[in-house]
Amino acid sequence: MDDLGEKTEDPTNKKLSDSRQKGQVPKSQDLSGAFSLLGGLIIFLVLGPTISGMFLRLMKKMLGGEISADIVSIESIYNATKVATYEGIMVVFPVLVLAALVSYVSNFIQVGWLVSFDPIQPKLNKLSPISGIKRIFGIRGLMKTVVNLLKLIVMIAVSWWFIKAHLDTIALLPMLMAMEAINAILRMIFQLAMILAILLIAIALIDFIFQRYQHTKDLRMSKQEVKDERKSMDGDPMLKGRRLQMAREIVMQQLGNNVPQADVIVTNPTHFSVAIKYDPETMAAPKITAKGADLIAFRIRQIARQNDVPIIERPPLARALYWGMEVGQEVSLEHYEAVAELLAFVYRIDGRMEEKMNKRIQTQTPAEEPVGV
């Protein structure tokens, strides 16, 4: 299976991200068009009275002589054209802005925020007749044809049903006043358009689901491609393992050098181990020379036993030093007194002079009074 290179694996997040940066995203043009149609209808429903009133005022100005003079001249035609153009822009511009906003929102819902210039770059393979034939007769082309036929059939069937259901109203139109007839016609057109827009959205949703499925299918990867991508992101597993091994060796070497020189090992007793050393000639306060959890903690205790370094169980102190201090850092004031008592205890049981310990602690105590735990 791997040798054949069959693409059986779902695309990784990196593959999807790279595809998105190139502008290759699942999107249904039909869904955008259906939402734009529905949005346009809503806009005309809300702004319809205002637009009608503006056009009516414009017609009154044009036909009532407020704009053009009684004598037709170039100047009168120019003035009438200028006013009509301005009034027309004032009517159409808000509608165009709202329609563009609806179109943007419909695309944003599908794709999200995306800026990519890759799709508009010239590519020779787009001019290939073979590629064009594949696009026409491929699965995408066939799906597009099916969707368009389905839309056409639905629109014809629904339109026929709607007209048949309103035959009585249509038959009465010649008997109505002009404005009443126009309002009735506009009302029926709007109702039919709303029904068609909702049905087109339902059909477009099917197309959108298919586009997402087809996009994921097109980006499928073979097992070898997944392995190669993982290697490129994480590095060669053998080299990575070698680096981890070298890091462990460095840590163990540091433990082997630092733990035997420590004065005491504070333990949890099993999860944490912290090595503490204090030299009054070179240190202002006791320092953390090594620390570790679990396996490293066990190794610290093992090295300490081999070198006769005292191991004392102080769970609260061990946890506090492990989480609050770093290797090479001096013991903070809040733990200073507890560490000093611990070192004094170690020196006493080790047979060393208490005066020596007192000298270490008292002569090197920081200026501020140490605060006990």
# chains A, B, ... in the order shown; residues from 1 in each chain; ligands from 1

$ select_by_dssp --residues "stretch 270-326 of chain A" --states "strand (DSSP E or B)" --output "VMD selection string"
chain A and resid 272 to 277 287 to 293 311 to 313

$ residues_around --residues "A:Val147" --least-positions-apart "3" --cutoff "8 Å" --atoms "only C-alpha atoms" --output "list in words"
Met143, Lys144, Leu150, Lys151, Ile203 and Asp207 of chain A

$ write_last_selection --atoms "C-alpha atoms" --output "compact mmCIF listing (two decimals), in the first residue's frame"
# COMPACT_ATOMS: atom_id res chain seq x y z
CA MET A 143 -21.39 17.89 -9.70
CA LYS A 144 -21.68 21.48 -10.92
CA LEU A 150 -31.41 20.70 -10.08
CA LYS A 151 -31.66 24.46 -9.59
CA ILE A 203 -29.55 23.33 -2.68
CA ASP A 207 -23.13 21.84 -2.81

$ residues_around --residues "A:Asp10" --least-positions-apart "3" --cutoff "8 Å" --atoms "only C-alpha atoms" --output "number ranges by chain"
A: 216-217, 219-221

$ atom_distance --atom1 "atom CA of A:Leu186" --atom2 "atom CA of A:Leu152"
22.5 Å

$ closest_residue --among "A:Arg348, A:Thr169, A:Ala275, A:Arg299" --to "A:Ala318" --atoms "only C-alpha atoms"
A:Ala275

$ atom_distance --atom1 "atom CA of A:Asn183" --atom2 "atom CA of A:Gly53"
13.8 Å

$ closest_residue --among "A:Gln253, A:Glu180, A:Gln214, A:Val339" --to "A:Val274" --atoms "only C-alpha atoms"
A:Val339

$ residues_around --residues "A:Asn257" --least-positions-apart "6" --cutoff "10 Å" --atoms "only C-alpha atoms" --output "list in words"
Val251, Thr289, Ala290 and Ile303 of chain A

$ select_by_dssp --residues "stretch 123-223 of chain A" --states "alpha helix (DSSP H)" --output "PyMOL selection string"
chain A and resi 129-137+139-165+167-172+178-218+223

$ residues_around --residues "A:Tyr104" --least-positions-apart "4" --cutoff "9 Å" --atoms "only C-alpha atoms" --output "list in words"
Ser32, Ser36, Ala99, Ala100, Phe108 and Ile109 of chain A

$ closest_residue --among "A:Gln211, A:Thr145, A:Thr50, A:Thr8" --to "A:Val25" --atoms "only C-alpha atoms"
A:Gln211

$ residues_around --residues "A:Leu196" --least-positions-apart "4" --cutoff "10 Å" --atoms "only C-alpha atoms" --output "ChimeraX atom specification"
/A:34,37-38,151,154-156,158-159,190-192,200-202

$ write_last_selection --atoms "C-alpha atoms" --output "PDB file, in the first residue's frame"
ATOM      1  CA  ALA A  34     -28.179  32.442  -2.939  1.00  0.00           C
ATOM      2  CA  LEU A  37     -30.145  37.088  -3.627  1.00  0.00           C
ATOM      3  CA  LEU A  38     -31.826  36.713  -0.260  1.00  0.00           C
ATOM      4  CA  LYS A 151     -31.660  24.455  -9.593  1.00  0.00           C
ATOM      5  CA  VAL A 154     -36.661  23.519  -8.974  1.00  0.00           C
ATOM      6  CA  MET A 155     -37.010  27.092 -10.209  1.00  0.00           C
ATOM      7  CA  ILE A 156     -39.260  26.083 -13.131  1.00  0.00           C
ATOM      8  CA  VAL A 158     -41.794  26.324  -8.153  1.00  0.00           C
ATOM      9  CA  SER A 159     -42.484  29.187 -10.558  1.00  0.00           C
ATOM     10  CA  PHE A 190     -41.155  39.427  -4.188  1.00  0.00           C
ATOM     11  CA  GLN A 191     -42.931  36.383  -2.733  1.00  0.00           C
ATOM     12  CA  LEU A 192     -41.753  34.165  -5.584  1.00  0.00           C
ATOM     13  CA  LEU A 200     -31.547  27.870  -3.658  1.00  0.00           C
ATOM     14  CA  ILE A 201     -29.906  28.189  -0.244  1.00  0.00           C
ATOM     15  CA  ALA A 202     -31.004  24.639   0.608  1.00  0.00           C
TER      16      ALA A 202
END
